[in-house]
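One structure is given below, encoded as structure tokens.
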Amino acid sequence: MKHLTPIEHKFSVKPCRDISFEFIQDGYQIIHKYSIGKLYESQPKTICFDDLGVENNLKYYGNECNVMAEILLSRYDLFISKKLLTHITTNLSASEIETHYGNRVRSRLREIGNLIAFDRSAIDKRK
């Protein structure tokens, strides 16, 4: 999909596992980086978070954090205030998202997103 969108709607794709590894190394500034944006950027950017659900709750100096849940909640606020788009790919069902991230995140995702589901027997397009 990234290659099919017009230039004004381009977005970057970031694996959720990579974000969790960045959090382990750099801490809470990673949540800021993927929600609001980098310090010197004028506008937050549209991002596709790839493979939501494969990352784990992580600890940074003993403080446990569900990194992707925090990022998604922050991006929800940006969607409400600035209509910022967020794309997500996942193999999780809605109930699994609720179990992993909580009802609040599931509710927010329902509000900001459009679901494109594939039947389990669909051919894998990544090949």
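For the structure tokens, the naming scheme is as follows: chains receive sequential letters (A, B, ...) according to their order of presentation, residues are indexed from 1 within each chain, and ligands are indexed from 1 in presentation order.
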(request) Could you find all residues in segment 74-127 of chain A that DSSP calls strand (DSSP E) from the backbone, and write them as a ChimeraX atom specification? (result) /A:86-90
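Of the listed residues A:Phe11, A:Ile116, A:Met68, A:Gly53, the one whose atoms come nearest to Glu96 of chain A is A:Gly53, with distances taken using only C-alpha atoms.
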(request) Write out as a VMD selection string the residues lying within 6 Å of Cys16 of chain A, counting only C-alpha atoms and excluding same-chain residues fewer than 2 positions away. (result) chain A and resid 18 to 19 49 to 50 52
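Distances from A:Val54, A:Ile30, A:Ala69, A:Val13 to Thr90 of chain A were compared using only C-alpha atoms, and the smallest one belongs to A:Val54.
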(request) Choose the residue, out of A:Glu22, A:His9, A:Arg108, A:Ala94, that has the smallest atom-to-atom separation from Tyr34 of chain A; count only C-alpha atoms. (result) A:Glu22
(message) Report as a PyMOL selection string all protein, DNA and RNA residues lying within 12 Å of Leu115 of chain A, evaluated on only C-alpha atoms, omitting residues in the same chain fewer than 6 positions from it.
(response) chain A and resi 87-90+92-94+109
Output file for the residues above (all heavy atoms, as a short mmCIF file (atom, residue, chain, number, x, y, z; two decimals), in the first residue's frame):
data_model
loop_
_atom_site.label_atom_id
_atom_site.label_comp_id
_atom_site.auth_asym_id
_atom_site.auth_seq_id
_atom_site.Cartn_x
_atom_site.Cartn_y
_atom_site.Cartn_z
N HIS A 87 -1.61 4.00 10.44
CA HIS A 87 -1.93 2.71 9.85
C HIS A 87 -1.32 1.62 10.73
O HIS A 87 -0.25 1.82 11.32
CB HIS A 87 -1.36 2.60 8.44
CG HIS A 87 -1.79 3.70 7.53
ND1 HIS A 87 -3.07 3.80 7.03
CD2 HIS A 87 -1.12 4.76 7.04
CE1 HIS A 87 -3.16 4.86 6.26
NE2 HIS A 87 -1.99 5.47 6.25
N ILE A 88 -2.00 0.48 10.80
CA ILE A 88 -1.53 -0.62 11.63
C ILE A 88 -1.76 -1.92 10.87
O ILE A 88 -2.82 -2.12 10.29
CB ILE A 88 -2.30 -0.67 12.97
CG1 ILE A 88 -2.08 0.60 13.76
CG2 ILE A 88 -1.87 -1.89 13.78
CD1 ILE A 88 -3.03 0.75 14.92
N THR A 89 -0.76 -2.80 10.91
CA THR A 89 -0.97 -4.17 10.46
C THR A 89 -0.84 -5.07 11.67
O THR A 89 -0.03 -4.81 12.57
CB THR A 89 0.05 -4.61 9.40
OG1 THR A 89 1.34 -4.69 9.99
CG2 THR A 89 0.07 -3.65 8.22
N THR A 90 -1.66 -6.10 11.73
CA THR A 90 -1.61 -7.02 12.86
C THR A 90 -2.27 -8.33 12.48
O THR A 90 -3.11 -8.37 11.57
CB THR A 90 -2.30 -6.43 14.11
OG1 THR A 90 -2.11 -7.32 15.21
CG2 THR A 90 -3.78 -6.20 13.89
N LEU A 92 -3.65 -9.91 15.07
CA LEU A 92 -4.51 -10.05 16.24
C LEU A 92 -5.97 -9.77 15.89
O LEU A 92 -6.26 -8.91 15.06
CB LEU A 92 -4.08 -9.07 17.34
CG LEU A 92 -2.67 -9.19 17.90
CD1 LEU A 92 -2.42 -8.11 18.93
CD2 LEU A 92 -2.44 -10.57 18.48
N SER A 93 -6.86 -10.46 16.57
CA SER A 93 -8.28 -10.16 16.46
C SER A 93 -8.59 -9.00 17.40
O SER A 93 -7.75 -8.61 18.23
CB SER A 93 -9.11 -11.38 16.85
OG SER A 93 -8.93 -11.65 18.23
N ALA A 94 -9.80 -8.46 17.31
CA ALA A 94 -10.19 -7.35 18.19
C ALA A 94 -10.12 -7.76 19.66
O ALA A 94 -9.66 -6.99 20.50
CB ALA A 94 -11.59 -6.88 17.83
N LEU A 109 -8.90 2.55 18.68
CA LEU A 109 -8.60 2.02 17.35
C LEU A 109 -9.89 1.88 16.53
O LEU A 109 -9.89 2.12 15.33
CB LEU A 109 -7.89 0.68 17.45
CG LEU A 109 -6.44 0.72 17.94
CD1 LEU A 109 -5.86 -0.69 18.02
CD2 LEU A 109 -5.59 1.60 17.05
#
(request) Would you please work out which residue, of A:Cys65, A:Leu78, A:Leu73, A:Ala117, is nearest to Ile36 of chain A when using only C-alpha atoms? (result) A:Leu78
Please return as a short mmCIF file (atom, residue, chain, number, x, y, z; two decimals) with C-alpha atoms, in the first residue's frame: the residues of chain A that backbone DSSP assigns to alpha helix (DSSP H).
data_model
loop_
_atom_site.label_atom_id
_atom_site.label_comp_id
_atom_site.auth_asym_id
_atom_site.auth_seq_id
_atom_site.Cartn_x
_atom_site.Cartn_y
_atom_site.Cartn_z
CA CYS A 16 6.58 -2.68 16.37
CA ARG A 17 9.42 -4.96 17.47
CA ASP A 18 11.95 -2.36 16.34
CA ILE A 19 10.15 0.32 18.34
CA SER A 20 10.27 -1.87 21.44
CA PHE A 21 14.03 -2.42 20.97
CA GLU A 22 14.51 1.34 20.60
CA PHE A 23 12.58 1.84 23.86
CA ILE A 24 14.90 -0.54 25.70
CA GLN A 25 17.87 1.48 24.48
CA ASP A 26 16.57 5.07 24.59
CA GLN A 29 11.67 9.59 24.35
CA ILE A 30 10.82 6.81 21.87
CA ILE A 31 7.14 7.12 22.82
CA HIS A 32 7.39 10.83 22.08
CA LYS A 33 9.22 10.18 18.79
CA TYR A 34 6.52 7.88 17.39
CA SER A 35 3.53 9.74 18.76
CA VAL A 67 5.09 1.06 24.59
CA MET A 68 2.70 0.58 21.67
CA ALA A 69 -0.37 1.20 23.83
CA GLU A 70 1.08 4.54 24.93
CA ILE A 71 2.01 5.49 21.36
CA LEU A 72 -1.45 4.55 20.03
CA LEU A 73 -3.23 6.54 22.74
CA SER A 74 -1.09 9.59 21.94
CA ARG A 75 -1.72 9.20 18.22
CA TYR A 76 -5.45 8.98 18.93
CA ASP A 77 -5.25 12.43 20.55
CA LEU A 78 -3.44 13.70 17.44
CA PHE A 79 -6.13 12.17 15.22
CA ILE A 80 -8.81 14.03 17.17
CA SER A 81 -6.95 17.35 17.17
CA LYS A 82 -5.12 17.28 13.80
CA ALA A 94 -10.19 -7.35 18.19
CA SER A 95 -10.51 -9.42 21.37
CA GLU A 96 -6.77 -10.19 21.34
CA ILE A 97 -6.02 -6.47 20.95
CA GLU A 98 -8.21 -5.79 23.98
CA THR A 99 -6.44 -8.50 26.01
CA HIS A 100 -2.97 -7.24 25.06
CA TYR A 101 -3.55 -3.46 25.10
CA ASN A 103 -10.28 -1.84 26.28
CA ARG A 104 -9.25 1.82 26.00
CA VAL A 105 -6.84 1.17 23.11
CA ARG A 106 -9.33 -1.15 21.37
CA SER A 107 -12.02 1.53 21.63
CA ARG A 108 -9.72 4.22 20.25
CA LEU A 109 -8.60 2.02 17.35
CA ARG A 110 -12.23 1.36 16.49
CA GLU A 111 -12.83 5.10 16.32
CA ILE A 112 -9.80 6.11 14.24
#
(request) Could you jot down the atom CA of Phe118 of chain A to atom CA of Thr86 of chain A separation for me, Å, one decimal place? (result) 19.4 Å
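Of note, atom CA of Glu55 of chain A and atom CA of Pro15 of chain A are spaced 9.3 Å apart.
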(request) Mind giving me the straight-line distance from atom CA of Tyr28 of chain A to atom CA of Pro44 of chain A in Å, one decimal? (result) 17.1 Å
